[in-house]
Amino acid sequence: MAEEYSHEKVIESYDYLKKIIKENPEVGIICGSGLSGLGEDVENKIIVKYGDIPNFMTSTVQGHKGQLVFGRLGGKKVMCMQGRFHPYEGHEAWKIAVPLRVMKLFGVEFVIITNAAGGLNRSFGVGDFMLIKDHISFPGLGGYNPLWGKNDDKFGPRFPAVTQAYDKNLRKLMYDTAVDLGIKDTMREGIYFNVAGPSYETIAELNLALKLGGDAIGMSTAQEVVAAAHCGLKVCACSLITNYCIIDYESTEAANHEEVLETGRARAAAMQKLVTEFLKRCP
Ligand code: HPA
């Protein structure tokens with residue numbers, strides 16, 4: 001059985017950061033693959049490496065930096081994760097909740113989560129953004145849930161509802177921001193289908209995900225959102241469609257991480273602008 005972190009353990013991480021960070025962040029940000037440029041835009045940066053924070057994990061994925069960036073973005077005080085923890089790195093599910101709980105201890109009000117995802121919806125194009133309105137998590141349904149194990153009531157209830165996990169008002173505000181920025185045509189909304197990875201999906205699996213209602217497919221986010229909902233953090237989550245999922249047997253194309261990073265690089269500036277402008281409009 002997992003050695004879940006108690007409230008005290010998370011407080012040790014928080015206390016370490018609190019000695020360095022004098023201004024409490026209001027907004028948390030988690031950067032997806034190829035989208036860590038958001039952290040570069042933060043003004044008056046204070047950077048803390050994950051490896052220096054007690055009880056924190058380190059991220060092992062190419063394209064992920066592994067550090068927290070504190071400072072200001074769009075006029076808001078933010079703490080930004082450049083590099084996240086994916087199930088496929090071998091982390092136990094509860095560990096994915098730790099950074100969200102640290103955010104909660106800091107008094108963060110909501111979290112902006114970005115990710116790279118494959119496009120299942122046949123009308124989506126590579127480079128589109130998708131505001132996530134809900135998710136289907138096969139790992140979650142199968143028991144890979146960050147709340148698995150002993151519950152610490154100091155963070156939240158044993159059986160939290162997650163039907164409102166993706167905040168409607170924040171989603172509308174981000175959509176309206178996209179409209180005003182003139183990128184409405186690339187702004188979609190849909191269901192994020194979460195898989196464990198790290199292998200990409202078979203054609204049969206992609207067809208299944210599509211039939212079950214998935215619009216985009218990816219290997220992150222769902223666990224973070226469950227952890228956020230549990231401790232009362234609102235979430236606004238947005239996918240970047242980095243590749244078009246191949247669902248027919250005639251095609252010889254295959255998903256690859258380089259393509260994911262390439263689309264990330266091509267669309268990072270647009271994502272950064274969207275998030276920064278969104279933050280300016282947040283109350
Ligand atoms: N599948 C799963 N995860 C992904 C994909 C994909 O096609 N693209 C980016 N992350």
# chains A, B, ... in the order shown; residues from 1 in each chain; ligands from 1
call {"tool": "closest_atom_pairs", "arguments": {"of": "chain A", "to": "ligand 1", "cutoff": "12 Å", "atoms": "only C-alpha atoms and all ligand atoms", "output": "CSV"}}
result
residue,atom,partner,partner_atom_place_in_ligand_line,distance
A:Gly32,CA,ligand 1,10 (N),9.4
A:Ser33,CA,ligand 1,9 (C),8.2
A:Gly34,CA,ligand 1,9 (C),10.3
A:His86,CA,ligand 1,3 (N),11.1
A:Tyr88,CA,ligand 1,3 (N),11.1
A:Thr114,CA,ligand 1,10 (N),11.5
A:Asn115,CA,ligand 1,10 (N),7.7
A:Ala116,CA,ligand 1,9 (C),4.7
A:Ala117,CA,ligand 1,9 (C),3.6
A:Gly118,CA,ligand 1,7 (O),3.5
A:Gly119,CA,ligand 1,7 (O),6.8
A:Leu120,CA,ligand 1,7 (O),8.2
A:Asn121,CA,ligand 1,7 (O),11.7
A:Val126,CA,ligand 1,8 (N),10.2
A:Gly127,CA,ligand 1,8 (N),11.5
A:Tyr192,CA,ligand 1,3 (N),10.3
A:Phe193,CA,ligand 1,2 (C),8.7
A:Asn194,CA,ligand 1,2 (C),7.8
A:Val195,CA,ligand 1,2 (C),6.8
A:Ala196,CA,ligand 1,2 (C),8.4
A:Gly197,CA,ligand 1,2 (C),6.8
A:Pro198,CA,ligand 1,3 (N),7.9
A:Ser199,CA,ligand 1,2 (C),7.9
A:Tyr200,CA,ligand 1,1 (N),5.2
A:Glu201,CA,ligand 1,1 (N),6.2
A:Thr202,CA,ligand 1,1 (N),9.6
A:Ile203,CA,ligand 1,7 (O),10.7
A:Glu205,CA,ligand 1,1 (N),10.2
A:Leu206,CA,ligand 1,1 (N),8.5
A:Ala209,CA,ligand 1,1 (N),10.6
A:Gly214,CA,ligand 1,1 (N),11.5
A:Asp215,CA,ligand 1,7 (O),11.1
A:Ala216,CA,ligand 1,6 (C),7.9
A:Ile217,CA,ligand 1,2 (C),5.0
A:Gly218,CA,ligand 1,3 (N),3.4
A:Met219,CA,ligand 1,3 (N),5.0
A:Ser220,CA,ligand 1,3 (N),8.1
A:Thr221,CA,ligand 1,10 (N),10.9
A:Ser239,CA,ligand 1,9 (C),9.2
A:Leu240,CA,ligand 1,9 (C),8.4
A:Ile241,CA,ligand 1,8 (N),7.2
A:Thr242,CA,ligand 1,8 (N),5.8
A:Asn243,CA,ligand 1,8 (N),5.8
A:Tyr244,CA,ligand 1,7 (O),7.1
A:Cys245,CA,ligand 1,7 (O),5.6
A:Ile246,CA,ligand 1,7 (O),8.5
A:Ile247,CA,ligand 1,7 (O),10.7
A:Glu253,CA,ligand 1,7 (O),11.7
A:Ala254,CA,ligand 1,7 (O),9.0
A:Ala255,CA,ligand 1,7 (O),5.9
A:Asn256,CA,ligand 1,8 (N),7.8
A:His257,CA,ligand 1,9 (C),7.3
A:Glu258,CA,ligand 1,9 (C),10.0
A:Glu259,CA,ligand 1,8 (N),8.5
A:Val260,CA,ligand 1,9 (C),5.7
A:Leu261,CA,ligand 1,9 (C),8.7
A:Glu262,CA,ligand 1,9 (C),11.0
A:Thr263,CA,ligand 1,9 (C),9.8
A:Gly264,CA,ligand 1,9 (C),9.8
call {"tool": "select_by_dssp", "arguments": {"residues": "range 206-278 of chain A", "states": "strand (DSSP E or B)", "output": "number ranges by chain"}}
result
A: 216-218, 234-244
call {"tool": "closest_residue", "arguments": {"among": "A:Val42, A:Val10, A:Leu35, A:Ile20", "to": "Asn55 in chain A", "atoms": "only C-alpha atoms"}}
result
A:Val10
call {"tool": "atom_distance", "arguments": {"atom1": "CA of Ala227 in chain A", "atom2": "CA of Asn24 in chain A"}}
result
20.3 Å
call {"tool": "select_by_dssp", "arguments": {"residues": "range 52-220 of chain A", "states": "alpha helix (DSSP H)", "output": "PyMOL selection string"}}
result
chain A and resi 98-106+138-141+168-180+203-211
call {"tool": "closest_atom_pairs", "arguments": {"of": "range 72-133 of chain A", "to": "range 173-177 of chain A", "cutoff": "12 Å", "atoms": "only C-alpha atoms", "output": "Markdown table"}}
result
| residue | atom | partner | partner_atom | distance |
| --- | --- | --- | --- | --- |
| A:Ile112 | CA | A:Met174 | CA | 10.3 |
| A:Phe129 | CA | A:Tyr175 | CA | 10.2 |
| A:Met130 | CA | A:Tyr175 | CA | 9.8 |
| A:Leu131 | CA | A:Tyr175 | CA | 7.8 |
| A:Ile132 | CA | A:Met174 | CA | 11.0 |
| A:Lys133 | CA | A:Tyr175 | CA | 11.7 |
call {"tool": "write_last_selection", "arguments": {"atoms": "C-alpha atoms", "output": "JSON list (two decimals), in the first residue's frame"}}
result
[["chain", "number", "residue", "atom", "x", "y", "z"],
["A", 112, "ILE", "CA", -4.86, 26.73, -15.35],
["A", 129, "PHE", "CA", -7.03, 24.52, -28.80],
["A", 130, "MET", "CA", -9.68, 22.59, -26.90],
["A", 131, "LEU", "CA", -11.22, 23.90, -23.71],
["A", 132, "ILE", "CA", -11.85, 20.83, -21.59],
["A", 133, "LYS", "CA", -15.37, 20.61, -20.28]]
call {"tool": "closest_atom_pairs", "arguments": {"of": "range 187-251 of chain A", "to": "range 143-151 of chain A", "cutoff": "10 Å", "atoms": "only C-alpha atoms", "output": "Markdown table"}}
result
| residue | atom | partner | partner_atom | distance |
| --- | --- | --- | --- | --- |
| A:Ala196 | CA | A:Tyr144 | CA | 9.0 |
| A:Ala222 | CA | A:Asn145 | CA | 8.9 |
| A:Gln223 | CA | A:Pro146 | CA | 5.9 |
| A:Glu224 | CA | A:Pro146 | CA | 7.9 |
| A:Val225 | CA | A:Pro146 | CA | 9.6 |
| A:Val226 | CA | A:Pro146 | CA | 7.2 |
| A:Ala227 | CA | A:Pro146 | CA | 6.3 |
| A:His230 | CA | A:Leu147 | CA | 8.2 |
call {"tool": "closest_residue", "arguments": {"among": "A:Glu43, A:Leu274, A:Phe138, A:Phe70", "to": "Val179 in chain A", "atoms": "only C-alpha atoms"}}
result
A:Leu274
call {"tool": "closest_residue", "arguments": {"among": "A:Tyr16, A:Gln67, A:Glu109, A:Phe278", "to": "Arg171 in chain A", "atoms": "only C-alpha atoms"}}
result
A:Phe278
call {"tool": "closest_residue", "arguments": {"among": "A:Val78, A:Leu208, A:Val108, A:Cys282", "to": "Asp41 in chain A", "atoms": "only C-alpha atoms"}}
result
A:Val78
call {"tool": "closest_residue", "arguments": {"among": "A:Asp152, A:Asp180, A:Glu26, A:Glu12", "to": "Glu277 in chain A", "atoms": "only C-alpha atoms"}}
result
A:Asp180
call {"tool": "closest_residue", "arguments": {"among": "A:Val111, A:Phe124, A:Met271, A:Lys104", "to": "Asp185 in chain A", "atoms": "only C-alpha atoms"}}
result
A:Phe124
call {"tool": "atom_distance", "arguments": {"atom1": "CA of Ser123 in chain A", "atom2": "CA of Leu212 in chain A"}}
result
16.4 Å
call {"tool": "atom_distance", "arguments": {"atom1": "CA of Leu181 in chain A", "atom2": "CA of Gly37 in chain A"}}
result
19.0 Å
call {"tool": "residues_around", "arguments": {"residues": "Val48 in chain A", "least_positions_apart": "2", "cutoff": "10 Å", "atoms": "only C-alpha atoms", "output": "number ranges by chain"}}
result
A: 17, 20-21, 45-46, 50-53, 66-70, 81
